[in-house]
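**Q** Compact mmCIF, C-alpha atoms and all ligand atoms, saved as my_file.txt, coming up:
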# COMPACT_ATOMS: atom_id res chain seq x y z
CA MET A 1 3.07 -20.77 -14.51
CA LYS A 2 2.41 -21.09 -10.80
CA LYS A 3 -1.29 -20.68 -11.45
CA PHE A 4 -1.47 -23.64 -13.80
CA ASN A 5 0.41 -25.85 -11.36
CA LYS A 6 -1.90 -24.79 -8.58
CA TRP A 7 -5.08 -25.42 -10.56
CA ALA A 8 -3.70 -28.69 -11.84
CA ALA A 9 -2.94 -29.75 -8.28
CA MET A 10 -6.39 -28.69 -7.18
CA ALA A 11 -8.10 -30.56 -10.03
CA LEU A 12 -6.03 -33.61 -9.20
CA SER A 13 -6.92 -33.49 -5.51
CA ILE A 14 -10.61 -33.03 -6.34
CA SER A 15 -10.61 -36.00 -8.71
CA MET A 16 -8.76 -38.05 -6.10
CA ALA A 17 -11.30 -37.01 -3.50
CA ILE A 18 -14.16 -38.08 -5.75
CA THR A 19 -12.48 -41.40 -6.42
CA VAL A 20 -11.87 -41.98 -2.72
CA MET A 21 -15.42 -40.97 -1.84
CA SER A 22 -16.95 -43.31 -4.39
CA CYS A 23 -14.80 -46.32 -3.49
CA GLU A 24 -14.22 -45.96 0.23
CA LYS A 25 -17.04 -43.96 1.70
CA ASP A 26 -15.89 -44.48 5.28
CA ASP A 27 -12.45 -42.90 4.82
CA GLU A 28 -12.18 -39.28 5.79
CA VAL A 29 -10.51 -37.28 3.06
CA THR A 30 -8.28 -34.44 4.18
CA THR A 31 -7.06 -32.30 1.34
CA THR A 32 -5.50 -28.98 2.21
CA PRO A 33 -6.51 -26.34 -0.32
CA PRO A 34 -3.65 -24.11 -1.50
CA LYS A 35 -3.28 -21.08 0.78
CA ASP A 36 -4.40 -17.87 -0.89
CA ALA A 37 -1.48 -15.44 -1.12
CA LEU A 38 -3.92 -12.62 -0.29
CA SER A 39 -5.37 -14.33 2.79
CA GLU A 40 -3.93 -11.58 5.02
CA TYR A 41 -5.44 -8.86 2.82
CA THR A 42 -8.85 -7.22 3.19
CA LEU A 43 -11.26 -7.59 0.26
CA LEU A 44 -12.81 -4.16 -0.32
CA GLY A 45 -15.12 -5.17 -3.16
CA SER A 46 -15.65 -7.05 -6.41
CA GLN A 47 -17.22 -5.70 -9.58
CA LYS A 48 -18.11 -7.06 -12.98
CA ILE A 49 -17.07 -4.72 -15.79
CA ASN A 50 -16.63 -4.79 -19.58
CA ASN A 51 -20.23 -5.99 -20.15
CA ASP A 52 -19.96 -8.37 -17.21
CA THR A 53 -17.07 -10.30 -18.80
CA TRP A 54 -14.39 -9.36 -16.26
CA ASN A 55 -14.54 -9.66 -12.52
CA VAL A 56 -12.32 -7.15 -10.70
CA SER A 57 -11.55 -7.54 -6.99
CA LEU A 58 -9.85 -4.85 -4.92
CA TYR A 59 -7.83 -5.74 -1.81
CA MET A 60 -5.62 -3.77 0.57
CA SER A 61 -3.20 -5.07 3.17
CA GLU A 62 -5.50 -3.63 5.86
CA ASP A 63 -8.47 -1.27 6.02
CA PRO A 64 -7.52 1.86 4.03
CA PHE A 65 -5.77 4.51 6.14
CA VAL A 66 -4.13 7.91 5.71
CA GLY A 67 -0.63 6.89 4.63
CA TYR A 68 1.08 4.31 2.43
CA ASN A 69 -1.27 1.41 1.60
CA TYR A 70 -0.46 -1.83 -0.24
CA VAL A 71 -3.11 -2.48 -2.91
CA ALA A 72 -3.82 -5.76 -4.71
CA VAL A 73 -6.15 -6.29 -7.65
CA ARG A 74 -7.31 -9.53 -9.21
CA VAL A 75 -8.94 -9.67 -12.61
CA SER A 76 -10.67 -12.82 -13.76
CA ASP A 77 -12.79 -13.96 -16.65
CA ALA A 78 -16.30 -13.73 -15.21
CA ALA A 79 -17.54 -16.76 -17.17
CA THR A 80 -14.72 -19.19 -16.39
CA ASN A 81 -13.27 -17.68 -13.20
CA THR A 82 -9.82 -17.96 -14.81
CA MET A 83 -7.41 -15.34 -13.59
CA ILE A 84 -6.30 -12.82 -16.24
CA GLU A 85 -2.58 -12.17 -15.78
CA GLY A 86 -1.65 -10.26 -18.91
CA ALA A 87 -3.82 -7.16 -18.53
CA THR A 88 -2.61 -3.61 -18.00
CA VAL A 89 -4.02 -2.33 -14.72
CA SER A 90 -3.74 1.26 -13.51
CA PHE A 91 -5.10 3.21 -10.56
CA MET A 92 -6.77 6.56 -10.13
CA PRO A 93 -7.79 7.24 -6.52
CA MET A 94 -10.11 10.23 -6.29
CA MET A 95 -11.48 12.22 -3.40
CA ASP A 96 -14.64 14.24 -3.99
CA MET A 97 -14.77 17.10 -1.49
CA GLY A 98 -17.89 18.72 -2.94
CA THR A 99 -16.29 21.96 -4.06
CA MET A 100 -13.22 20.25 -5.51
CA MET A 101 -11.74 16.87 -6.35
CA HIS A 102 -8.22 15.61 -5.90
CA SER A 103 -6.20 12.44 -6.22
CA CYS A 104 -3.23 11.29 -4.13
CA PRO A 105 0.14 9.61 -4.68
CA TYR A 106 -0.11 6.06 -6.01
CA GLU A 107 1.96 3.42 -7.78
CA SER A 108 0.04 1.58 -10.49
CA PRO A 109 0.37 -2.16 -10.21
CA ALA A 110 2.37 -4.84 -11.97
CA TYR A 111 1.40 -8.50 -11.99
CA ASP A 112 3.08 -10.43 -9.19
CA ASN A 113 3.21 -14.21 -9.62
CA THR A 114 3.78 -14.96 -5.96
CA MET A 115 0.65 -13.01 -4.97
CA ASP A 116 -1.43 -14.06 -8.00
CA ALA A 117 -2.46 -10.40 -8.21
CA TYR A 118 -1.58 -6.98 -9.59
CA MET A 119 0.31 -5.28 -6.74
CA GLY A 120 0.57 -1.50 -6.32
CA THR A 121 0.26 1.15 -3.62
CA SER A 122 -1.83 4.18 -2.76
CA THR A 123 -0.89 6.93 -0.30
CA PHE A 124 -4.15 8.43 0.93
CA ILE A 125 -3.61 12.02 2.05
CA MET A 126 -6.93 12.69 3.82
CA PRO A 127 -9.44 10.59 5.74
CA SER A 128 -13.01 10.10 4.49
CA GLY A 129 -15.36 12.53 6.19
CA GLY A 130 -14.22 15.76 4.56
CA GLY A 131 -15.32 14.05 1.37
CA THR A 132 -15.63 10.62 -0.21
CA TRP A 133 -12.95 8.43 -1.75
CA MET A 134 -13.41 6.41 -4.93
CA PHE A 135 -10.70 3.97 -5.92
CA ASN A 136 -10.77 3.60 -9.71
CA VAL A 137 -9.11 0.59 -11.30
CA MET A 138 -8.63 0.79 -15.06
CA VAL A 139 -8.21 -2.56 -16.82
CA SER A 140 -7.05 -2.96 -20.39
CA ASN A 141 -6.77 -6.39 -21.99
CA GLN A 142 -6.60 -7.56 -25.61
CA GLY A 143 -7.88 -4.30 -27.04
CA GLU A 144 -10.73 -3.86 -24.57
CA MET A 145 -10.78 -1.59 -21.57
CA ASP A 146 -13.08 -0.61 -18.75
CA THR A 147 -12.92 0.87 -15.26
CA ALA A 148 -14.10 -0.49 -11.92
CA SER A 149 -14.86 2.19 -9.31
CA PHE A 150 -14.87 1.22 -5.66
CA SER A 151 -16.23 3.45 -2.92
CA ILE A 152 -13.84 3.10 0.03
CA THR A 153 -13.57 4.54 3.52
CA VAL A 154 -10.15 5.90 4.51
CA MET A 155 -9.51 6.31 8.23
CA ALA A 156 -6.88 8.24 10.11
CA LYS A 157 -4.76 6.15 12.44
CA ALA A 158 -4.27 7.36 16.02
CA GLU A 159 -0.54 7.65 15.31
CA SER A 160 -0.45 9.26 11.89
CA LYS A 161 1.49 7.54 9.13
CA LEU A 162 1.65 10.68 6.98
CA TYR A 163 2.33 14.38 7.28
CA ASN A 164 2.65 17.20 4.82
CA PHE A 165 4.50 20.49 4.76
CA ILE A 166 5.01 23.51 2.56
CA SER A 167 8.60 23.92 1.41
CA ASN A 168 10.53 26.61 3.31
CA VAL A 169 12.58 27.16 0.15
CA ASP A 170 9.83 28.24 -2.26
CA SER A 171 6.97 28.71 0.27
CA SER A 172 4.58 27.01 -2.13
CA THR A 173 5.37 23.38 -2.95
CA VAL A 174 3.44 20.92 -0.81
CA TYR A 175 5.23 17.69 0.09
CA PHE A 176 3.76 14.50 1.56
CA VAL A 177 5.89 12.23 3.73
CA ALA A 178 4.54 8.72 4.41
CA LEU A 179 5.96 6.20 6.87
CA LYS A 180 6.46 2.86 5.11
CA GLU A 181 8.47 1.09 7.84
CA PRO A 182 8.42 0.19 10.67
CA MET A 183 4.78 -0.92 10.66
CA ASN A 184 5.44 -3.32 13.56
CA PRO A 185 8.21 -1.56 15.54
CA GLU A 186 10.32 -3.60 17.94
CA ILE A 187 12.88 -2.75 20.58
CA GLY A 188 16.26 -2.40 18.91
CA LEU A 189 17.23 -1.47 15.38
CA ASN A 190 14.30 -1.22 12.93
CA ASN A 191 14.20 -0.48 9.23
CA PHE A 192 13.01 3.09 8.79
CA GLU A 193 11.51 3.82 5.38
CA LEU A 194 9.77 6.92 4.08
CA MET A 195 7.98 7.66 0.82
CA ILE A 196 8.14 11.31 -0.27
CA TYR A 197 5.86 12.91 -2.85
CA LYS A 198 5.04 16.44 -3.89
CA ARG A 199 1.85 17.95 -5.21
CA ALA A 200 2.31 18.96 -8.84
CA SER A 201 -1.45 19.46 -9.31
CA MET A 202 -4.61 18.21 -7.64
CA MET A 203 -4.37 15.10 -9.83
CA SER A 204 -0.61 14.57 -9.90
CA PHE A 205 1.62 13.71 -6.94
CA PRO A 206 4.99 12.57 -8.27
CA ALA A 207 7.60 10.82 -6.14
CA VAL A 208 10.59 12.98 -5.18
CA SER A 209 13.92 11.15 -5.08
CA ASP A 210 16.59 13.88 -4.85
CA LEU A 211 16.14 14.90 -1.22
CA LYS A 212 18.27 14.48 1.89
CA VAL A 213 16.60 13.14 5.00
CA GLU A 214 17.80 13.14 8.61
CA ILE A 215 16.00 11.49 11.53
CA TYR A 216 16.30 12.27 15.24
CA PRO A 217 14.37 9.89 17.49
CA GLU A 218 13.63 11.08 21.00
CA MET A 219 11.75 9.78 24.01
CA PRO A 220 10.01 12.96 25.22
CA SER A 221 8.96 11.54 28.60
CA MET A 222 12.57 10.75 29.53
CA GLY A 223 14.46 13.37 27.54
CA HIS A 224 16.77 11.03 25.66
CA GLY A 225 17.40 9.91 22.13
CA SER A 226 19.16 6.80 20.89
CA PRO A 227 22.49 5.92 19.23
CA ASN A 228 23.20 4.11 15.95
CA ASN A 229 20.37 5.56 13.88
CA VAL A 230 20.98 5.68 10.13
CA HIS A 231 19.60 8.60 8.16
CA PRO A 232 17.36 7.41 5.30
CA VAL A 233 18.89 7.72 1.84
CA SER A 234 17.12 7.80 -1.51
CA MET A 235 16.65 4.45 -3.23
CA GLY A 236 14.69 6.03 -6.12
CA ASP A 237 10.94 6.23 -6.81
CA GLY A 238 10.42 8.35 -3.67
CA LEU A 239 11.71 5.65 -1.29
CA TYR A 240 14.18 6.58 1.47
CA GLN A 241 15.72 3.79 3.56
CA GLY A 242 17.51 4.05 6.91
CA LYS A 243 17.47 2.59 10.43
CA VAL A 244 15.90 3.74 13.67
CA ASN A 245 16.97 2.49 17.08
CA PHE A 246 14.28 2.21 19.77
CA THR A 247 16.22 1.36 22.94
CA MET A 248 13.15 0.82 25.14
CA SER A 249 9.37 0.44 24.99
CA GLY A 250 7.05 3.45 25.23
CA TYR A 251 6.33 6.56 23.22
CA TRP A 252 8.96 7.76 20.74
CA LYS A 253 8.89 10.79 18.51
CA VAL A 254 10.97 10.44 15.36
CA ASN A 255 11.78 13.96 14.17
CA VAL A 256 12.42 14.30 10.45
CA THR A 257 14.43 17.00 8.67
CA ILE A 258 14.18 17.20 4.89
CA MET A 259 16.66 19.12 2.72
CA ASP A 260 17.03 19.62 -0.99
CA ASN A 261 20.18 18.62 -2.88
CA THR A 262 21.81 21.98 -2.05
CA ASP A 263 21.33 21.28 1.69
CA ALA A 264 18.66 23.98 1.99
CA THR A 265 16.12 22.88 4.60
CA LEU A 266 12.66 22.29 3.14
CA ASP A 267 11.19 21.35 6.50
CA ASP A 268 12.36 20.42 9.99
CA MET A 269 9.02 20.34 11.83
CA GLY A 270 7.83 16.90 10.72
CA ALA A 271 7.72 13.89 13.04
CA PHE A 272 6.19 10.45 13.44
CA ASP A 273 4.77 9.32 16.77
CA ILE A 274 5.62 5.66 17.33
CA THR A 275 4.61 3.83 20.51
CA LEU A 276 6.22 0.49 21.31
CA LYS A 277 4.28 -1.82 23.58
CU CU B 1 -9.56 15.64 0.33
Show the structure stored in the file as structure tokens.
**A**
Amino acid sequence: MKKFNKWAAMALSISMAITVMSCEKDDEVTTTPPKDALSEYTLLGSQKINNDTWNVSLYMSEDPFVGYNYVAVRVSDAATNTMIEGATVSFMPMMDMGTMMHSCPYESPAYDNTMDAYMGTSTFIMPSGGGTWMFNVMVSNQGEMDTASFSITVMAKAESKLYNFISNVDSSTVYFVALKEPMNPEIGLNNFELMIYKRASMMSFPAVSDLKVEIYPEMPSMGHGSPNNVHPVSMGDGLYQGKVNFTMSGYWKVNVTIMDNTDATLDDMGAFDITLK
């Protein structure tokens, strides 16, 4: 409904502007266009699909990086520019490494009225360079379907937002641990959120929600940790939420221990480097 109100308001302000312009040419008209909910997002590309009848635009919250990325997709009628809200949109990120191809963990999107877009996530597990990433967006609407494929460049951040490990319990299962929060760490207590996935196959990386996670922040340069941290607990769908306490600025290492539901340690070598300015 928001969309109709917005377009109605825009049409009204345009007609008012025309009226004002035609009657009082000297008056300066200041109409503030509605702020785009995706104005902070990066547009990675637009494509016409389904015989040029749909326009698909791919956005991410920042340039794609190794880790947990917020992904937004808009689908519009290419002839009328009207946004299509009722489609089914799904993702298939794919990395072509020459000798093999693989996907990565992702959450296919649902339509979000406040963003005027289909909102999902993608957790890229390797940077571009060892291969090339394609971000495939499948759109299905009123019995028709087609796919838009976007070539994207995934970079590795200086302080990695993702690590992987092989389970100590079965010596074979590969897990991926992505830092979701804090993205903008501050001195004091911060939300600390991880997403945990495992590799079921090269194309399937399901979320793992039955693990136990403990975090131990330390400041290596000064040899101290911090009090009042809260170990992340599973909230479902691979999300683990806790708190981390950064008592001063500088370089922190947040050590992560991951156990299964029998308290057997899967890994205790993982860590996130987090520098506070
Ligand atoms: Cu790869």
**Q** Counting all atoms listed in the file, figure out which residue out of A:Gly250, A:Ala156, A:Lys277, A:Val137 gets nearest to Ile49 in chain A.
**A**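 Once distances to Ile49 in chain A are computed over all atoms listed in the file, the minimum belongs to A:Val137.
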**Q** Using only C-alpha atoms and all ligand atoms, what table do you get, as JSON lines, when you list each residue of chain A with an atom no more than 10 Å from ligand CU 1 (chain B), its nearest pair of atoms, and their distance in Å rounded to one decimal, rows by chain then rising number?
**A**
{"residue": "A:Met94", "atom": "CA", "partner": "B:CU1", "partner_atom": "CU", "distance": 8.6}
{"residue": "A:Met95", "atom": "CA", "partner": "B:CU1", "partner_atom": "CU", "distance": 5.4}
{"residue": "A:Asp96", "atom": "CA", "partner": "B:CU1", "partner_atom": "CU", "distance": 6.8}
{"residue": "A:Met97", "atom": "CA", "partner": "B:CU1", "partner_atom": "CU", "distance": 5.7}
{"residue": "A:Gly98", "atom": "CA", "partner": "B:CU1", "partner_atom": "CU", "distance": 9.5}
{"residue": "A:Met100", "atom": "CA", "partner": "B:CU1", "partner_atom": "CU", "distance": 8.3}
{"residue": "A:Met101", "atom": "CA", "partner": "B:CU1", "partner_atom": "CU", "distance": 7.1}
{"residue": "A:His102", "atom": "CA", "partner": "B:CU1", "partner_atom": "CU", "distance": 6.4}
{"residue": "A:Ser103", "atom": "CA", "partner": "B:CU1", "partner_atom": "CU", "distance": 8.0}
{"residue": "A:Cys104", "atom": "CA", "partner": "B:CU1", "partner_atom": "CU", "distance": 8.9}
{"residue": "A:Phe124", "atom": "CA", "partner": "B:CU1", "partner_atom": "CU", "distance": 9.0}
{"residue": "A:Ile125", "atom": "CA", "partner": "B:CU1", "partner_atom": "CU", "distance": 7.2}
{"residue": "A:Met126", "atom": "CA", "partner": "B:CU1", "partner_atom": "CU", "distance": 5.3}
{"residue": "A:Pro127", "atom": "CA", "partner": "B:CU1", "partner_atom": "CU", "distance": 7.4}
{"residue": "A:Ser128", "atom": "CA", "partner": "B:CU1", "partner_atom": "CU", "distance": 7.7}
{"residue": "A:Gly129", "atom": "CA", "partner": "B:CU1", "partner_atom": "CU", "distance": 8.8}
{"residue": "A:Gly130", "atom": "CA", "partner": "B:CU1", "partner_atom": "CU", "distance": 6.3}
{"residue": "A:Gly131", "atom": "CA", "partner": "B:CU1", "partner_atom": "CU", "distance": 6.1}
{"residue": "A:Thr132", "atom": "CA", "partner": "B:CU1", "partner_atom": "CU", "distance": 7.9}
{"residue": "A:Trp133", "atom": "CA", "partner": "B:CU1", "partner_atom": "CU", "distance": 8.2}
{"residue": "A:Met202", "atom": "CA", "partner": "B:CU1", "partner_atom": "CU", "distance": 9.7}
**Q** Between A:Gly120, A:Pro185, A:Pro217, A:Pro206, which is the closest to Asp237 in chain A once you count all atoms listed in the file?
**A**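 With all atoms listed in the file as the atom set, the closest residue is A:Pro206.
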**Q** Around the point (2.7, -3.3, 17.2) in the file's coordinates, collect all residues with an atom within 12 Å, using only C-alpha atoms, and return them as a list in words.
**A**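 Result, sorted by chain then residue number: Glu159, Glu181, Pro182, Met183, Asn184, Pro185, Glu186, Ile187, Ser249, Gly250, Ile274, Thr275, Leu276 and Lys277 of chain A.
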**Q** Measure the distance from CA of Lys198 in chain A to CA of Thr121 in chain A in Å and round it to one decimal.
**A**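 Calculated distance between CA of Lys198 in chain A and CA of Thr121 in chain A is 16.0 Å.
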**Q** Go through A:Val174, A:Ser151, A:Asp116, A:Glu85 one by one, measure the shortest atom-to-atom distance of each to Leu44 in chain A using only C-alpha atoms, and give the residue with the smallest value.
**A** A:Ser151
**Q** Residues at most 9 Å from Pro109 in chain A, counting all atoms listed in the file, excluding those fewer than 6 positions away in the same chain, as a PyMOL selection string?
**A** chain A and resi 71-73+88-91+117-121
**Q** Keeping C-alpha atoms, export the residues of the selection given above as a PDB file, in the coordinates of the input.
**A**
ATOM      1  CA  VAL A  71      -3.110  -2.480  -2.910  1.00  0.00           C
ATOM      2  CA  ALA A  72      -3.820  -5.760  -4.710  1.00  0.00           C
ATOM      3  CA  VAL A  73      -6.150  -6.290  -7.650  1.00  0.00           C
ATOM      4  CA  THR A  88      -2.610  -3.610 -18.000  1.00  0.00           C
ATOM      5  CA  VAL A  89      -4.020  -2.330 -14.720  1.00  0.00           C
ATOM      6  CA  SER A  90      -3.740   1.260 -13.510  1.00  0.00           C
ATOM      7  CA  PHE A  91      -5.100   3.210 -10.560  1.00  0.00           C
ATOM      8  CA  ALA A 117      -2.460 -10.400  -8.210  1.00  0.00           C
ATOM      9  CA  TYR A 118      -1.580  -6.980  -9.590  1.00  0.00           C
ATOM     10  CA  MET A 119       0.310  -5.280  -6.740  1.00  0.00           C
ATOM     11  CA  GLY A 120       0.570  -1.500  -6.320  1.00  0.00           C
ATOM     12  CA  THR A 121       0.260   1.150  -3.620  1.00  0.00           C
TER      13      THR A 121
END
**Q** Using only C-alpha atoms, which of A:Val66, A:Val56, A:Ala271, A:Val169 sits nearest Asn81 in chain A?
**A** A:Val56
**Q** Using all atoms listed in the file, which residues sit within 10 Å of Phe192 in chain A once same-chain residues fewer than 2 positions away are excluded, as a ChimeraX atom specification?
**A** /A:179-183,185,189-190,194,215,229-232,240-245
**Q** May I have the protein, DNA and RNA residues with an atom at most 8 Å from (-2.1, 6.7, 7.3), counting only C-alpha atoms in the file's coordinates, returned as a PyMOL selection string?
**A** chain A and resi 64-69+123-125+155-157+160-162+178
